[in-house]
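Below: one structure, written as structure tokens.
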Amino acid sequence: MFVIDCHDHIYKKRMAEKAVKAVGEFYEVEMSGGGVAEELVEMARNSPIKRFVVNSVAVTPNQVKRLNDFVAVECSKHPELIGLGALHPDMENSEEEIERIISLGLKGVKLHPDTQHFDADSDNAMKLYEQLEGRLPLLIHCGDYRYDQSHPRRIARIIDTFPDLTLVAAHIGGWSIFEEAVPYMKDRSCYMDISSVMPFMPPEKAFSYIRLYGADRLLFGSDFPMWDPVRELESFQQFDLTDEEQQKILWQNAAHVFHIDCSGLI
């Protein structure tokens with residue numbers, strides 16, 4: 001078995017403890033990891049998880065370049081890592097930074113409207129998606145019962161407006177409002193990851209969403225350091241899926257979306 005974990009967060013060592021604590025408090029969960037790249041790789045050393053799609057979200061525009069440099073350096077140190085770039089709707093010269101993200105070898109962009117404090121379909125955000133369309137895939141946080149900024153109706157508008165944007169709607173399109181997301185996400189042309197889904201519902205309910213959205217659209221993700229990647233994989237393996245369905249969710253879809261070379265690993 002070969003697995004790509006498509007949703008992981010990493011932080012600079014000097015900031016990791018503070019960042020992980022803040023995320024745990026924001027989501028009211030006990031975090032499973034310390035948030036540094038070395039720990040992520042080591043946690044899965046003896047598991048089938050061989051690649052990790054990592055990101056570091058820019059809370060403010062002035063963090064964007066530094067975080068993109070950081071993720072690129074971590075990927076150069078750890079061949080297991082596939083990096084996503086950071087952007088912010090309020091930043092200047094986003095076109096130039098997208099070009100720099102590509103030149104750094106990063107494979108997409110991660111945005112988190114709730115922690116970056118912007119409406120997912122705001123005018124500035126829509127300009128970013130237009131710049132990304134046809135160039136880089138977007139992994140975007142979706143859903144929060146406490147906020148409206150990443151509501152699935154906003155994500156649906158993005159998908160409809162930019163049909164050539166490869167978009168991965170995190171947390172099956174609506175963290176903590178999973179059922180509310182269904183009418184917006186069920187028939188839309190996008191991918192979805194299953195990170196931070198299984199810990200929030202019984203296994204039979206999680207499996208029903210996998211069946212609802214289908215293996216062709218889904219990507220496995222753990223949301224490290226919130227959850228342990230190996231334990232998330234073990235939870236996923238309990239589902240009654242065909243080998244073909246498992247391979248699509250566990251690595252094939254992620255390899256396609258993020259252009260990951262898997263030769264010699266499978």
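Here, A, B, ... name the chains of the structure tokens in the order displayed, residue numbers run from 1 inside each chain, and ligands are numbered from 1 in the same displayed order.
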Per-residue nearest contacts range 37-98 of chain A to range 10-26 of chain A, cut-off 12 Å, using only C-alpha atoms, as a tab-separated table:
residue	atom	partner	partner_atom	distance
A:Ala37	CA	A:Ile10	CA	5.8
A:Glu38	CA	A:Ile10	CA	9.4
A:Glu39	CA	A:Ile10	CA	9.6
A:Leu40	CA	A:Ile10	CA	8.3
A:Val41	CA	A:Ile10	CA	10.9
A:Phe52	CA	A:Ile10	CA	10.5
A:Val53	CA	A:Ile10	CA	10.0
A:Val54	CA	A:Ile10	CA	6.5
A:Asn55	CA	A:Ile10	CA	6.2
A:Ser56	CA	A:Ile10	CA	5.8
A:Val57	CA	A:Ile10	CA	9.2
A:Ala58	CA	A:Tyr11	CA	11.0
A:Val59	CA	A:Ala19	CA	11.3
A:Arg66	CA	A:Lys12	CA	10.5
A:Leu67	CA	A:Tyr11	CA	8.8
A:Asn68	CA	A:Tyr11	CA	11.4
A:Asp69	CA	A:Lys12	CA	11.1
A:Phe70	CA	A:Lys12	CA	7.5
A:Val71	CA	A:Ile10	CA	8.0
A:Ala72	CA	A:Ile10	CA	11.6
A:Val73	CA	A:Lys12	CA	10.8
A:Glu74	CA	A:Ile10	CA	9.1
A:Cys75	CA	A:Ile10	CA	10.8
A:Leu81	CA	A:Ile10	CA	10.3
A:Ile82	CA	A:Ile10	CA	11.6
A:Gly83	CA	A:Ile10	CA	10.0
A:Leu84	CA	A:Ile10	CA	10.8
Please return, as a PyMOL selection string, all residues of range 99-265 of chain A that DSSP assigns to strand (DSSP E) on the basis of the backbone. chain A and resi 109-111+138-140+167-169+191-193+218-219
Using DSSP on the backbone coordinates, identify all residues within range 57-151 of chain A classified as alpha helix (DSSP H); present the result as a VMD selection string. chain A and resid 64 to 77 94 to 103 113 to 116 123 to 132
Just to confirm, what's the straight-line distance from CA of Pro61 in chain A to CA of Met91 in chain A in Å (one decimal)?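 Result for CA of Pro61 in chain A versus CA of Met91 in chain A: 4.8 Å, one decimal.
CA of Asp261 in chain A sits 27.4 Å away from CA of Ser94 in chain A.
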I want to know what sits within 12 Å of Leu265 in chain A, based on only C-alpha atoms, with residues of the same chain fewer than 5 positions away left out; could you give that as a PyMOL selection string? chain A and resi 1-4+48-51+80+251+255+260
Rounded to one decimal, what separation in Å do you get between CA of Arg146 in chain A and CA of Arg231 in chain A?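 A separation of 27.3 Å between them.
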